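Scroll down for the structure; my scribbles are underneath it.
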Amino acid sequence: MSADAKEILKAARGQGTSSLDEPAGKELLASFGIRVPASRVVQGAAGLPEAIATLRPPYVLKVVSAEVIHKSDFGAVRVGLKNLAAVEQALAEIDTALNAKGIVAQRWLIEEMAASGLEVVIGGVVDPEFGPMIMTGLGGVFVEVMKDVSFRICPITRLDAVEMLAELRGAALFHGARGRTPVSTDTIIEVLLKIGGENGLLTRNADEIAEIDINPLIVTPDSATAVDARFILQRNMERG
Amino acid sequence: MSVSASNAASFNALFAPSTIAVVGASATSVSGGNRFIRHLKAFGYAGRIFPIHPSAAEIEGMPAFTSVSAAPEAIDYAYVAVSAPQVPPLLRSFSGKVRVAQVMSSGFSESSGGHELEHELVRAAREANVRVIGPNCLGVYSPRARVTFTERTTDEAGSVGIVCQSGGLGVDIIRRGQNKGVRFSGLVTVGNCADVRPYELLEYFLASSETSVIGLYLEGAGDGRKLFEILRAAKARKPVVILKGGRTGQGRRAAASHTGALAGSDNGWKALSAQTGAVLVDELDTFLDALLAFQSLPPRVAAAKRAVLFGNGGGASVLGTDALARAGFDVAPFEAGVAAKLQTLKLPAGSSVLNPIDLPAGALQQDEGRAAEAIFDTIAEAGETDVLVMHVNMTVVLSFRHVDMLGNLMNAILRVKSRDRSGMHVVLVLRSDGDPDIEGPKREYRRRAVAAGLPVFDELTSAAEALACVRHFETFRARAAKNT
């Protein structure tokens, strides 16, 4: 599986890009056994009927572009699309909005929409002092406003992963605080290990990857799905 | 822990040199080299000292030699305090004759334009096959070998080994540390660490049987990953306390992702502490208090949690309870059986035998401290206490001039400690008002207590923080044991 990862990273380096687009990022996660939504990439509206036939509704539609990195700022993500007609209409609307900004979308990502659950963030960074480090926190205000995150130096052990979750101030939310359904911390721990464990994606590829954001990872009582993923690549391009 | 044979030999020579060469002592004035020779003599260094000087026949009353190669014996440790440009050629002249050299001279990478000279120093050291500590440092302190770089250092050897990246702070660590009761196996100031890196000395202390507690003062960047790997492999065999300067530094490249923006070097040090059991502290007194606690208190197998507070002064008890609770300890009421036993001790009015136990000074002294001893015994026998903190308001206690109240109390607690099988941590807090007639006796009581294995702190908050450091280490070991 890491052979796939090397190929994906090699291809990106070949194109001279500084980040992976979302389909490539998700392919990379999937190659390490991390669950991502079933998806297809299309060039435009013409490809939609065939793509949708293989996916279960509701759907999510996103523009694929290295530039449109904050997709929500452009209204370039649409969720809860029930059928082909809704997807076609969404694509047409986004395309018009982008064209008005002088952007021509080349590729589109159409995905099965993940079941709702608790939003978790998992990140990775290659620190100049400590090398690869992994981070986790709860999504939304917990990470963005309260900076309620925990870091560990890779490679992490299972115990490290358990303690990362336990030390979050919002950890009670995993266990069903405020009337919520408890979610599977085991599946989060598995994702942490697949990113930052001994043979993890970041641990093994710290020479290629500079930063990772999986935001959000949607966690339910029995699964954890990476719904969005960003990979920033190391800037040194001359390695071969 | 693996230390290469050559590193072990170099660092043994550093901490226990049989022969010392001093380069940079003056025949006509008093320079750093002269002071070092005087410190060595005053400290009772028993090995041979060889002053090196191009022309003088004698320095500090000892025959001088024109070069290290002219000295009649191989040199274990060379003290170098000559001007920076002279250092690289000097190191080359050490080839085959010197095991380890420490370069005090400044004017290297710490000053603008000094980087190239520091590279040259490293090249010279490698060519001469001499390990070099420094440059830009103050020296080494090793009480067993009677070696010291500064004055008024105790010759009582201990078990605490220190690597210090600042010379001046190294003096603070020894002098303030020894006044607190910390006793050192060795302390080395490492300055710019051009050749020997702090992690190599950490490996040495981890392996050395003379060192059981390790303290690191680090600043600047560079060794984090290596320290992490060494500490993780060491599996918390010895307590390691890290005082890291510059953790608030903002010197991080602009990050492109959320994670990158949230990551700072502080996260790395905190992660290292969580993943290795090393204790991370923010300031010098906490560093020294933690080292003192580790020096005195054998780690418990189950991490300490339940604390009993015993002393005179209601306000101090309340604040002390808060401090212990903030540090993560439970100061909970006694179980019914223990409470009943304590009630039968017939203590004077004004006493409270709930937890915290608050006794007026008169009650502390009942039957020359035997009442207090009965309380300690009851607590120890119940086996429900992990930490016993005795705090004393010295101003009040010393006003009872006809009795040695504190001496009696200390003897009582030490007798209980020697009988105790529960491994409870016992610590003493001596609270003073700063008057000379309180500080003097406090010093003496502190000395006696620490010598008997009872760590002493100035305030309840300091005791609570030091105990929290011990608990961090114990918790790490307990979890690691459970998960292997």
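By order in the structure tokens, chains are A, B, ...; within a chain, residues start at 1; ligands start at 1, following the order shown.
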With the cut-off set at 9 Å and counting only C-alpha atoms, tabulate each residue of chain A with an atom at most that distance from an atom of chain B, showing the nearest atom pair and its distance in Å to one decimal, ordered by chain and increasing number, as a tab-separated table.
residue	atom	partner	partner_atom	distance
A:Ile122	CA	B:Thr259	CA	8.2
A:Gly123	CA	B:Thr259	CA	5.3
A:Gly124	CA	B:Thr259	CA	6.4
A:Val125	CA	B:Gly260	CA	5.9
A:Val126	CA	B:Gly260	CA	8.5
A:Asp127	CA	B:Ser265	CA	7.8
A:Pro128	CA	B:Gly222	CA	8.1
A:Glu129	CA	B:Gly224	CA	5.4
A:Phe130	CA	B:Arg225	CA	4.4
A:Gly131	CA	B:Arg225	CA	6.5
A:Met133	CA	B:Gly268	CA	7.8
A:Ile134	CA	B:Thr259	CA	8.6
A:Met135	CA	B:Thr259	CA	7.0
A:Thr136	CA	B:Thr259	CA	8.8
A:Val143	CA	B:His258	CA	8.9
A:Glu144	CA	B:His258	CA	8.4
A:Lys147	CA	B:Leu262	CA	7.5
A:Val149	CA	B:Leu262	CA	8.4
A:Ser150	CA	B:Asn267	CA	7.9
A:Phe151	CA	B:Ala271	CA	5.9
A:Arg152	CA	B:Ala271	CA	4.8
A:Ile153	CA	B:Ala271	CA	6.2
A:Ile156	CA	B:Gln275	CA	8.4
A:Leu159	CA	B:Asn483	CA	7.4
A:Asp160	CA	B:Gln275	CA	6.8
A:Glu163	CA	B:Ala274	CA	8.7
A:Ala210	CA	B:Gly260	CA	8.8
A:Glu211	CA	B:Gly260	CA	6.5
A:Ile212	CA	B:Thr259	CA	7.1
A:Asp213	CA	B:Thr259	CA	6.4
A:Arg230	CA	B:Ser257	CA	8.0
A:Phe231	CA	B:Ser257	CA	8.6
A:Ile232	CA	B:Ala256	CA	7.4
Identify, on the basis of only C-alpha atoms, every residue whose closest approach to Gly197 of chain A does not exceed 8 Å; exclude the query and any residue fewer than 4 positions from it along the same chain; express the result as an MDAnalysis selection string.
chainID A and resid 154:158 192:193 203
List the neighbours of Arg183 of chain B out to 7 Å using only C-alpha atoms; skip same-chain residues closer than 3 positions along the sequence, and give me the result as a list in words.
Glu156, Ala157, Gly158, Ser159, Val160 and Gln178 of chain B
Select from segment 84-128 of chain B everything DSSP, run on the backbone, classes as helix (DSSP H, G or I), then give the selection as a VMD selection string.
chain B and resid 84 to 92 115 to 128
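In this comparison, which uses only C-alpha atoms, the residue of A:Gly14, A:Gly33, A:Pro132, A:Gly117 approaching Ile209 of chain A most closely is A:Pro132.
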From A:Ala46, A:Leu61, A:Val41, A:Leu28, residue lying nearest Ala12 of chain A [only C-alpha atoms]
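Once distances to Ala12 of chain A are computed over only C-alpha atoms, the minimum belongs to A:Leu28.
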Set the distance at 6 Å and use only C-alpha atoms: which residues neighbour segment 223-225 of chain A once local chain neighbours fewer than 3 positions away are removed? I'd like the list as a PDB file with C-alpha atoms, in the first residue's frame.
ATOM      1  CA  ARG A  35     -11.891   5.360   5.121  1.00  0.00           C
ATOM      2  CA  VAL A  36     -12.878   8.074   2.632  1.00  0.00           C
ATOM      3  CA  THR A 187     -11.729   4.243  14.951  1.00  0.00           C
ATOM      4  CA  LEU A 217     -12.896  13.344  10.074  1.00  0.00           C
ATOM      5  CA  ILE A 218     -16.524  12.403  10.706  1.00  0.00           C
ATOM      6  CA  VAL A 219     -16.846   9.883  13.520  1.00  0.00           C
ATOM      7  CA  THR A 220     -19.960   7.828  14.187  1.00  0.00           C
TER       8      THR A 220
END
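If you look at atom CA of Ala57 of chain B and atom CA of Tyr77 of chain B, they are 21.3 Å away from each other.
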Spatial neighbours of segment 446-449 of chain B, max dist 7 Å, only C-alpha atoms, sep filter under 6 positions, as a list in words:
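Once the adjacent positions are removed, what remains is Gly181, Pro455 and Val456 of chain B.
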Put those residues in a file: N, CA and C atoms, as a compact mmCIF listing (two decimals), in the first residue's frame.
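Dumped everything to out-v7.txt:
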# COMPACT_ATOMS: atom_id res chain seq x y z
N GLY B 181 19.59 21.83 49.06
CA GLY B 181 19.88 20.46 49.46
C GLY B 181 20.16 19.51 48.31
N PRO B 455 12.88 15.95 51.72
CA PRO B 455 13.07 17.18 50.95
C PRO B 455 12.33 18.35 51.59
N VAL B 456 12.94 19.52 51.52
CA VAL B 456 12.38 20.71 52.16
C VAL B 456 12.09 21.77 51.10
Could you name the residues that touch segment 33-48 of chain B at 6 Å or less, counting only C-alpha atoms, but leaving out those on the same chain fewer than 2 positions away, as a ChimeraX atom specification?
/B:18-19,24-25,30-31,146-147,149
